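Visitor: What follows is a single structure, and I will ask about it in a moment.
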Amino acid sequence: MSRGIGFSGSVAKAFIDSKLTPLLVLAALAMGIFAVVVTPREEEPQIQVPMIDVMVPYPGATAREVEERVAAPLEKLLWEIPGVDYVYTTSGPSYALAIVRFKVGQDPEESAVKLHTKLMAHPEVIPTGAGPATVTPKGIDDVPIVALTVWSETQDSGTLRKVGDELALEIRKIRDISDVNVIGGERRELTVRLDAGRLQASGLSALQVAQSLKQTNWSLPAGSLTAGNQEVLLAAEGALRTADDVRGVVVGVRNGRPVRLGDVADISDGAAERQTYVMFGAGPQASHKHIDGMPVDAQAVTLAVAKKPGSNAVVLAKQIEHKLVELEKTLLPADVHVTFTRNYGETAQEKSNELIFHVLVATGAVVLLMLFALGKKEALVVAVAVPVTLALTLAASTAMGYTLNRVTLFALVFAIGILVDDAIVVVENIHRHFQMGKGDRKLAAVFATDEVGNPTILATFTVIASLLPLAFVGGLMGPYMRPIPVNA
């Protein structure tokens, strides 16, 4: 055994008797465990495809006028923004909508700034009488991670809407919640129906009435009052809360006498016209009522909860559950119930745990195979080598900004085949040298590793080379497929 050793043998010789080796193993395992704990979990990988809605109102214009005077010039202007991939425009009576899609990987905030700056630099694109333009960024995090359905067999949809609004206000206080959208139910609405005859008799126009209502409904600061070494802030409160408040609004003067809104219009306080409907009855808790033999489900309102980018869906879902437990004691009426009809955090946790379990099962199966085929020590080596390598991979994946999702974990399961194959080849050759019983066992392990180490590394690079093209896939599938070659 006096022959020289190559690269693989030199590495084996350096670490086989080093005191640092067990410390490095423990450090690698600790890094992997830390990565599993802190890495956000979700079902799908984060794909940055900034999309921005630009809405331009054009009251009174026909769809053709909107297309010629707003949509066409706006689309041409938006194409000039660097990084834009597609621009979709829609023209309708009194409005134009442009949906701007940027290239995959563009920074969402930077894209929004570029678009807003472009619009501000070219105000001539929006004709007189149109606008102002409303810019609304959209992204993958706008998809709700949790849907809460508030339902009741006794309460009406208007009451449920009020409860839903109060719940939404409380849930928005949770850190990393970006938006809570309430769907369904009836909003409260004060309706003013002007009487043409009375309006003409009072000498007023509908526009004057609208301006008076707008000014009355303002709440403005009115300075401060200092007395007794205390300062009290004053405000001119003009908020209209009831139908009587609206009836009492002075909209003009006729023959020296004030004309109130109630003199020229009919005011009603009630529910607004419903735009969305939500019914609940699929769950076992709902007792289906029947009218003429047809099932009628319980009235309901749904809260769609979206998270901020980069936040952990699993943690947020649990925080919402804890918040609901508190609110059930203080906010919710006894006959109003809340059910999770979508829990993205729970499903993401289940799928990530399932894939991690498969990783452990695959590792355990290989260790058992080594135990029965070669022996305890060989099985122990594989039992250490595979988790350590996976732990380092998870730590590196977290450092590169990847989340724990079905694609990254599938990449780990896929790569276990390569990893286990390498471990078996090296350990089996060391076992063969031990069986030969020639010389010192440590030197035998070094020479055995040197014999098959370089070919094994070359074979591994060959497999990696076959997966590498996935890292250069373009379009929407690029970020989706990239974790596979990166983790491999």
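In the structure tokens, chains take the letters A, B, ... in the order shown, each chain's residues start at 1, and ligands count up from 1 in the order shown.
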Taking only segment 46-161 of chain A into account, list the residues labelled helix (DSSP H, G or I) by DSSP (computed from the backbone), as JSON, numbers by chain.

Guide: {"A": [63, 64, 65, 66, 67, 68, 69, 70, 71, 72, 73, 74, 75, 76, 77, 78, 108, 109, 110, 111, 112, 113, 114, 115, 116, 117, 118, 119, 120, 121, 123, 124, 125, 140, 141, 142, 157, 158, 159, 160, 161]}

Visitor: Among segment 297-350 of chain A, which residues carry a DSSP assignment of strand (DSSP E or B), reported as a CSV table (one decimal) with C-alpha atoms, in the first residue's frame?

Guide:
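After the write, result-v1.csv holds the following:
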chain,number,residue,atom,x,y,z
A,298,ALA,CA,-77.6,28.8,5.3
A,299,GLN,CA,-76.8,32.5,4.5
A,300,ALA,CA,-73.1,33.1,4.6
A,301,VAL,CA,-70.3,35.7,4.1
A,302,THR,CA,-66.7,34.7,3.1
A,303,LEU,CA,-63.5,36.4,4.2
A,304,ALA,CA,-60.6,35.9,1.8
A,305,VAL,CA,-57.3,36.5,3.6
A,306,ALA,CA,-54.1,37.2,1.6
A,307,LYS,CA,-50.5,37.3,3.0
A,337,HIS,CA,-70.4,30.2,13.2
A,338,VAL,CA,-67.1,30.5,11.3
A,339,THR,CA,-65.7,27.6,9.2
A,340,PHE,CA,-62.4,27.3,7.3
A,341,THR,CA,-63.5,26.6,3.7
A,342,ARG,CA,-59.9,27.0,2.5
A,343,ASN,CA,-56.7,26.6,4.6

Visitor: What lies within 7 Å of Arg193 of chain A using only C-alpha atoms, ignoring chain neighbours under 6 positions off, as JSON, numbers by chain?

Guide: {"A": [265, 266, 267]}

Visitor: Can you write out the residues you just picked, keeping N, CA and C atoms, as a short mmCIF file (atom, residue, chain, number, x, y, z; two decimals), in the first residue's frame?

Guide:
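And here's selection.cif as it stands now:
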data_model
loop_
_atom_site.label_atom_id
_atom_site.label_comp_id
_atom_site.auth_asym_id
_atom_site.auth_seq_id
_atom_site.Cartn_x
_atom_site.Cartn_y
_atom_site.Cartn_z
N ALA A 265 -86.28 65.29 -1.92
CA ALA A 265 -85.91 63.90 -2.21
C ALA A 265 -86.48 62.97 -1.16
N ASP A 266 -86.57 61.72 -1.55
CA ASP A 266 -86.96 60.64 -0.62
C ASP A 266 -85.70 59.88 -0.23
N ILE A 267 -85.49 59.71 1.08
CA ILE A 267 -84.28 59.03 1.59
C ILE A 267 -84.69 57.75 2.27
#

Visitor: From the set A:Arg69, A:Arg175, A:His358, A:His431, which residue has the shortest atom-to-atom contact distance to Phe414 of chain A, counting only C-alpha atoms?

Guide: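 Nearest candidate to Phe414 of chain A out of A:Arg69, A:Arg175, A:His358, A:His431: A:His358.
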
Visitor: Write out as a PDB file with all heavy atoms, in the first residue's frame the residues lying within 8 Å of Val382 of chain A, counting only C-alpha atoms and excluding same-chain residues fewer than 2 positions away.

Guide:
ATOM      1  N   VAL A 366     -32.805   2.540   2.659  1.00  0.00           N
ATOM      2  CA  VAL A 366     -31.425   2.296   2.228  1.00  0.00           C
ATOM      3  C   VAL A 366     -30.573   1.816   3.400  1.00  0.00           C
ATOM      4  O   VAL A 366     -29.743   0.901   3.258  1.00  0.00           O
ATOM      5  CB  VAL A 366     -30.831   3.579   1.604  1.00  0.00           C
ATOM      6  CG1 VAL A 366     -29.351   3.396   1.305  1.00  0.00           C
ATOM      7  CG2 VAL A 366     -31.585   3.952   0.345  1.00  0.00           C
ATOM      8  N   VAL A 367     -30.770   2.422   4.583  1.00  0.00           N
ATOM      9  CA  VAL A 367     -29.997   2.015   5.760  1.00  0.00           C
ATOM     10  C   VAL A 367     -30.296   0.551   6.109  1.00  0.00           C
ATOM     11  O   VAL A 367     -29.386  -0.227   6.418  1.00  0.00           O
ATOM     12  CB  VAL A 367     -30.314   2.950   6.948  1.00  0.00           C
ATOM     13  CG1 VAL A 367     -29.683   2.403   8.229  1.00  0.00           C
ATOM     14  CG2 VAL A 367     -29.789   4.355   6.676  1.00  0.00           C
ATOM     15  N   MET A 370     -28.521  -1.698   3.682  1.00  0.00           N
ATOM     16  CA  MET A 370     -27.096  -1.797   4.001  1.00  0.00           C
ATOM     17  C   MET A 370     -26.877  -2.668   5.244  1.00  0.00           C
ATOM     18  O   MET A 370     -25.902  -3.412   5.336  1.00  0.00           O
ATOM     19  CB  MET A 370     -26.512  -0.404   4.231  1.00  0.00           C
ATOM     20  CG  MET A 370     -26.564   0.503   3.011  1.00  0.00           C
ATOM     21  SD  MET A 370     -25.501  -0.061   1.671  1.00  0.00           S
ATOM     22  CE  MET A 370     -23.892   0.232   2.378  1.00  0.00           C
ATOM     23  N   GLU A 378     -21.436  -0.288   8.212  1.00  0.00           N
ATOM     24  CA  GLU A 378     -21.703   0.251   6.886  1.00  0.00           C
ATOM     25  C   GLU A 378     -23.060   0.972   6.848  1.00  0.00           C
ATOM     26  O   GLU A 378     -23.204   2.049   6.259  1.00  0.00           O
ATOM     27  CB  GLU A 378     -21.679  -0.880   5.839  1.00  0.00           C
ATOM     28  CG  GLU A 378     -20.305  -1.473   5.575  1.00  0.00           C
ATOM     29  CD  GLU A 378     -19.872  -2.472   6.647  1.00  0.00           C
ATOM     30  OE1 GLU A 378     -20.646  -2.661   7.617  1.00  0.00           O
ATOM     31  OE2 GLU A 378     -18.778  -3.036   6.524  1.00  0.00           O
ATOM     32  N   ALA A 379     -24.054   0.357   7.520  1.00  0.00           N
ATOM     33  CA  ALA A 379     -25.371   0.999   7.588  1.00  0.00           C
ATOM     34  C   ALA A 379     -25.301   2.314   8.360  1.00  0.00           C
ATOM     35  O   ALA A 379     -25.955   3.299   7.997  1.00  0.00           O
ATOM     36  CB  ALA A 379     -26.369   0.055   8.252  1.00  0.00           C
ATOM     37  N   LEU A 380     -24.471   2.335   9.423  1.00  0.00           N
ATOM     38  CA  LEU A 380     -24.327   3.550  10.207  1.00  0.00           C
ATOM     39  C   LEU A 380     -23.707   4.674   9.388  1.00  0.00           C
ATOM     40  O   LEU A 380     -24.121   5.832   9.481  1.00  0.00           O
ATOM     41  CB  LEU A 380     -23.483   3.268  11.453  1.00  0.00           C
ATOM     42  CG  LEU A 380     -23.236   4.465  12.382  1.00  0.00           C
ATOM     43  CD1 LEU A 380     -24.562   4.988  12.935  1.00  0.00           C
ATOM     44  CD2 LEU A 380     -22.301   4.076  13.519  1.00  0.00           C
ATOM     45  N   VAL A 384     -25.536   8.268   8.445  1.00  0.00           N
ATOM     46  CA  VAL A 384     -24.997   9.595   8.754  1.00  0.00           C
ATOM     47  C   VAL A 384     -24.811  10.414   7.484  1.00  0.00           C
ATOM     48  O   VAL A 384     -25.166  11.594   7.431  1.00  0.00           O
ATOM     49  CB  VAL A 384     -23.658   9.465   9.511  1.00  0.00           C
ATOM     50  CG1 VAL A 384     -23.003  10.837   9.663  1.00  0.00           C
ATOM     51  CG2 VAL A 384     -23.890   8.838  10.881  1.00  0.00           C
ATOM     52  N   ALA A 385     -24.283   9.786   6.435  1.00  0.00           N
ATOM     53  CA  ALA A 385     -23.920  10.522   5.223  1.00  0.00           C
ATOM     54  C   ALA A 385     -25.140  11.127   4.526  1.00  0.00           C
ATOM     55  O   ALA A 385     -25.120  12.296   4.108  1.00  0.00           O
ATOM     56  CB  ALA A 385     -23.173   9.602   4.262  1.00  0.00           C
ATOM     57  N   VAL A 386     -26.224  10.347   4.405  1.00  0.00           N
ATOM     58  CA  VAL A 386     -27.389  10.826   3.661  1.00  0.00           C
ATOM     59  C   VAL A 386     -28.069  11.998   4.370  1.00  0.00           C
ATOM     60  O   VAL A 386     -28.288  13.048   3.753  1.00  0.00           O
ATOM     61  CB  VAL A 386     -28.379   9.661   3.409  1.00  0.00           C
ATOM     62  CG1 VAL A 386     -29.664  10.191   2.777  1.00  0.00           C
ATOM     63  CG2 VAL A 386     -27.740   8.615   2.514  1.00  0.00           C
ATOM     64  N   VAL A 420     -27.715   8.238  -2.502  1.00  0.00           N
ATOM     65  CA  VAL A 420     -27.634   6.890  -1.949  1.00  0.00           C
ATOM     66  C   VAL A 420     -26.757   6.012  -2.819  1.00  0.00           C
ATOM     67  O   VAL A 420     -25.983   5.183  -2.326  1.00  0.00           O
ATOM     68  CB  VAL A 420     -29.049   6.306  -1.796  1.00  0.00           C
ATOM     69  CG1 VAL A 420     -29.002   4.816  -1.524  1.00  0.00           C
ATOM     70  CG2 VAL A 420     -29.791   7.031  -0.683  1.00  0.00           C
ATOM     71  N   ALA A 423     -23.173   6.719  -1.987  1.00  0.00           N
ATOM     72  CA  ALA A 423     -22.803   6.199  -0.665  1.00  0.00           C
ATOM     73  C   ALA A 423     -22.628   4.677  -0.700  1.00  0.00           C
ATOM     74  O   ALA A 423     -21.675   4.131  -0.122  1.00  0.00           O
ATOM     75  CB  ALA A 423     -23.864   6.597   0.361  1.00  0.00           C
ATOM     76  N   ILE A 424     -23.529   3.991  -1.384  1.00  0.00           N
ATOM     77  CA  ILE A 424     -23.450   2.528  -1.434  1.00  0.00           C
ATOM     78  C   ILE A 424     -22.189   2.073  -2.151  1.00  0.00           C
ATOM     79  O   ILE A 424     -21.500   1.135  -1.715  1.00  0.00           O
ATOM     80  CB  ILE A 424     -24.706   1.957  -2.115  1.00  0.00           C
ATOM     81  CG1 ILE A 424     -25.923   2.137  -1.214  1.00  0.00           C
ATOM     82  CG2 ILE A 424     -24.530   0.483  -2.454  1.00  0.00           C
ATOM     83  CD1 ILE A 424     -27.227   1.670  -1.825  1.00  0.00           C
ATOM     84  N   VAL A 427     -19.110   2.785   0.236  1.00  0.00           N
ATOM     85  CA  VAL A 427     -19.135   1.940   1.444  1.00  0.00           C
ATOM     86  C   VAL A 427     -18.927   0.469   1.073  1.00  0.00           C
ATOM     87  O   VAL A 427     -18.224  -0.272   1.775  1.00  0.00           O
ATOM     88  CB  VAL A 427     -20.460   2.155   2.204  1.00  0.00           C
ATOM     89  CG1 VAL A 427     -20.603   1.121   3.321  1.00  0.00           C
ATOM     90  CG2 VAL A 427     -20.506   3.559   2.794  1.00  0.00           C
TER      91      VAL A 427
END

Visitor: Got a sec: who's within 12 Å of Ile177 of chain A, counting only C-alpha atoms, leaving out chain neighbours fewer than 2 positions off, as a short mmCIF file (atom, residue, chain, number, x, y, z; two decimals) with C-alpha atoms, in the first residue's frame?

Guide:
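out_2.cif was written with the following content:
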data_model
loop_
_atom_site.label_atom_id
_atom_site.label_comp_id
_atom_site.auth_asym_id
_atom_site.auth_seq_id
_atom_site.Cartn_x
_atom_site.Cartn_y
_atom_site.Cartn_z
CA ASP A 141 -49.60 36.61 -2.88
CA ASP A 142 -52.98 38.16 -3.71
CA PRO A 144 -56.03 34.00 -0.49
CA ILE A 145 -54.24 31.59 1.85
CA VAL A 146 -57.31 31.29 4.06
CA ALA A 168 -61.90 41.41 8.88
CA LEU A 169 -60.89 44.45 10.95
CA GLU A 170 -59.50 42.19 13.69
CA ILE A 171 -57.71 39.80 11.31
CA ARG A 172 -56.00 42.71 9.52
CA LYS A 173 -54.21 43.44 12.81
CA ILE A 174 -52.23 40.21 12.46
CA ARG A 175 -48.70 40.86 11.26
CA ASP A 179 -55.53 42.16 2.79
CA VAL A 180 -58.88 40.74 3.91
CA ASN A 181 -61.66 40.85 1.32
CA ALA A 304 -60.61 35.92 1.79
CA VAL A 305 -57.29 36.49 3.61
CA ALA A 306 -54.09 37.20 1.65
CA LYS A 307 -50.54 37.28 3.03
CA LYS A 308 -47.54 39.52 2.45
CA PRO A 309 -44.74 38.28 0.15
CA GLY A 310 -42.17 36.03 1.84
CA SER A 311 -44.28 35.30 4.91
CA ASN A 312 -44.96 31.79 6.17
CA ALA A 313 -48.43 30.58 5.14
CA VAL A 315 -47.64 30.22 10.66
CA LEU A 316 -50.20 32.79 9.50
CA ALA A 317 -52.94 30.17 9.22
CA GLN A 319 -52.32 32.72 14.00
CA ILE A 320 -55.71 33.21 12.34
#

Visitor: Just give me the gap between atom CA of Gly439 of chain A and atom CA of Val11 of chain A in Å, one decimal is fine.

Guide: 19.8 Å

Visitor: Which is closer to Thr149 of chain A than all the others in A:Val381, A:Leu468, A:Leu392, A:Leu324, using only C-alpha atoms?

Guide: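 Smallest separation from Thr149 of chain A among the options: A:Leu324.
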
Visitor: Expressed in Å to a single decimal, how great is the separation between atom CA of Leu374 of chain A and atom CA of Lys19 of chain A?

Guide: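 Separating atom CA of Leu374 of chain A from atom CA of Lys19 of chain A is a distance of 26.4 Å.
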
Visitor: Rounded to one decimal, what separation in Å do you get between atom CA of Val209 of chain A and atom CA of Thr128 of chain A?

Guide: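 Answer for the atom CA of Val209 of chain A to atom CA of Thr128 of chain A separation: 24.4 Å.
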
Visitor: Can you check which parts of segment 21-124 of chain A lie within 7 Å of segment 400-408 of chain A? Per residue, the shortest pair of atoms and distance in Å to one decimal, counting only C-alpha atoms, sorted by chain and number, as CSV.

Guide:
residue,atom,partner,partner_atom,distance
A:Thr39,CA,A:Thr403,CA,5.8
A:Pro40,CA,A:Thr403,CA,5.4
A:Arg41,CA,A:Leu404,CA,4.7
A:Glu42,CA,A:Asn405,CA,5.2
A:Glu43,CA,A:Asn405,CA,5.0
A:Glu44,CA,A:Asn405,CA,5.5
A:Pro45,CA,A:Asn405,CA,6.0

Visitor: Those same residues, written as a short mmCIF file (atom, residue, chain, number, x, y, z; two decimals), in the first residue's frame with N, CA and C atoms?

Guide:
data_model
loop_
_atom_site.label_atom_id
_atom_site.label_comp_id
_atom_site.auth_asym_id
_atom_site.auth_seq_id
_atom_site.Cartn_x
_atom_site.Cartn_y
_atom_site.Cartn_z
N THR A 39 -37.67 28.01 7.36
CA THR A 39 -38.03 28.23 5.96
C THR A 39 -39.55 28.26 5.81
N PRO A 40 -40.09 29.31 5.16
CA PRO A 40 -41.54 29.35 4.93
C PRO A 40 -42.01 28.14 4.12
N ARG A 41 -43.20 27.64 4.46
CA ARG A 41 -43.76 26.49 3.76
C ARG A 41 -44.99 26.92 2.97
N GLU A 42 -45.09 26.43 1.77
CA GLU A 42 -46.24 26.69 0.92
C GLU A 42 -46.38 25.57 -0.10
N GLU A 43 -47.51 25.53 -0.77
CA GLU A 43 -47.75 24.44 -1.70
C GLU A 43 -46.91 24.60 -2.96
N GLU A 44 -46.90 25.80 -3.53
CA GLU A 44 -46.23 26.05 -4.79
C GLU A 44 -45.06 27.00 -4.57
N PRO A 45 -44.04 26.94 -5.45
CA PRO A 45 -42.92 27.89 -5.31
C PRO A 45 -43.34 29.31 -5.64
#

Visitor: Rank nothing, just name the residue among A:Tyr86, A:Asn255, A:Lys162, A:Leu97 nearest to Ala63 of chain A, using only C-alpha atoms.

Guide: A:Leu97

Visitor: Which residues, written as an NGL selection string, have at least one atom at most 12 Å from Ser466 of chain A, with only C-alpha atoms counted and residues fewer than 4 positions away on the same chain left out?

Guide: :A and (459-462 or 470-471 or 484-485 or 488)

Visitor: Could you save those same residues with N, CA, C and O atoms as a PDB file, in the first residue's frame?

Guide:
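So the final result, stored in again-v8.pdb, reads:
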ATOM      1  N   ALA A 459     -19.531  10.271 -12.324  1.00  0.00           N
ATOM      2  CA  ALA A 459     -20.887   9.798 -12.631  1.00  0.00           C
ATOM      3  C   ALA A 459     -21.953  10.745 -12.069  1.00  0.00           C
ATOM      4  O   ALA A 459     -22.987  10.987 -12.703  1.00  0.00           O
ATOM      5  N   THR A 460     -21.684  11.285 -10.890  1.00  0.00           N
ATOM      6  CA  THR A 460     -22.628  12.233 -10.295  1.00  0.00           C
ATOM      7  C   THR A 460     -22.739  13.498 -11.131  1.00  0.00           C
ATOM      8  O   THR A 460     -23.841  14.008 -11.374  1.00  0.00           O
ATOM      9  N   PHE A 461     -21.605  14.011 -11.596  1.00  0.00           N
ATOM     10  CA  PHE A 461     -21.626  15.195 -12.457  1.00  0.00           C
ATOM     11  C   PHE A 461     -22.339  14.916 -13.777  1.00  0.00           C
ATOM     12  O   PHE A 461     -22.961  15.812 -14.361  1.00  0.00           O
ATOM     13  N   THR A 462     -22.269  13.682 -14.228  1.00  0.00           N
ATOM     14  CA  THR A 462     -22.991  13.325 -15.451  1.00  0.00           C
ATOM     15  C   THR A 462     -24.495  13.435 -15.253  1.00  0.00           C
ATOM     16  O   THR A 462     -25.215  13.964 -16.108  1.00  0.00           O
ATOM     17  N   LEU A 470     -32.680  22.167 -17.053  1.00  0.00           N
ATOM     18  CA  LEU A 470     -33.911  22.638 -16.407  1.00  0.00           C
ATOM     19  C   LEU A 470     -33.731  24.004 -15.759  1.00  0.00           C
ATOM     20  O   LEU A 470     -34.700  24.732 -15.568  1.00  0.00           O
ATOM     21  N   ALA A 471     -32.484  24.337 -15.414  1.00  0.00           N
ATOM     22  CA  ALA A 471     -32.222  25.633 -14.776  1.00  0.00           C
ATOM     23  C   ALA A 471     -32.348  26.787 -15.754  1.00  0.00           C
ATOM     24  O   ALA A 471     -32.425  27.945 -15.340  1.00  0.00           O
ATOM     25  N   ILE A 484     -35.275  21.999  -8.972  1.00  0.00           N
ATOM     26  CA  ILE A 484     -34.867  20.599  -9.194  1.00  0.00           C
ATOM     27  C   ILE A 484     -33.368  20.504  -9.488  1.00  0.00           C
ATOM     28  O   ILE A 484     -32.651  19.798  -8.783  1.00  0.00           O
ATOM     29  N   PRO A 485     -32.835  21.195 -10.520  1.00  0.00           N
ATOM     30  CA  PRO A 485     -31.386  21.100 -10.745  1.00  0.00           C
ATOM     31  C   PRO A 485     -30.558  21.753  -9.640  1.00  0.00           C
ATOM     32  O   PRO A 485     -29.469  21.305  -9.332  1.00  0.00           O
ATOM     33  N   ALA A 488     -30.469  19.273  -6.767  1.00  0.00           N
ATOM     34  CA  ALA A 488     -29.705  18.092  -7.188  1.00  0.00           C
ATOM     35  C   ALA A 488     -28.216  18.392  -7.200  1.00  0.00           C
ATOM     36  O   ALA A 488     -27.409  17.580  -6.741  1.00  0.00           O
TER      37      ALA A 488
END
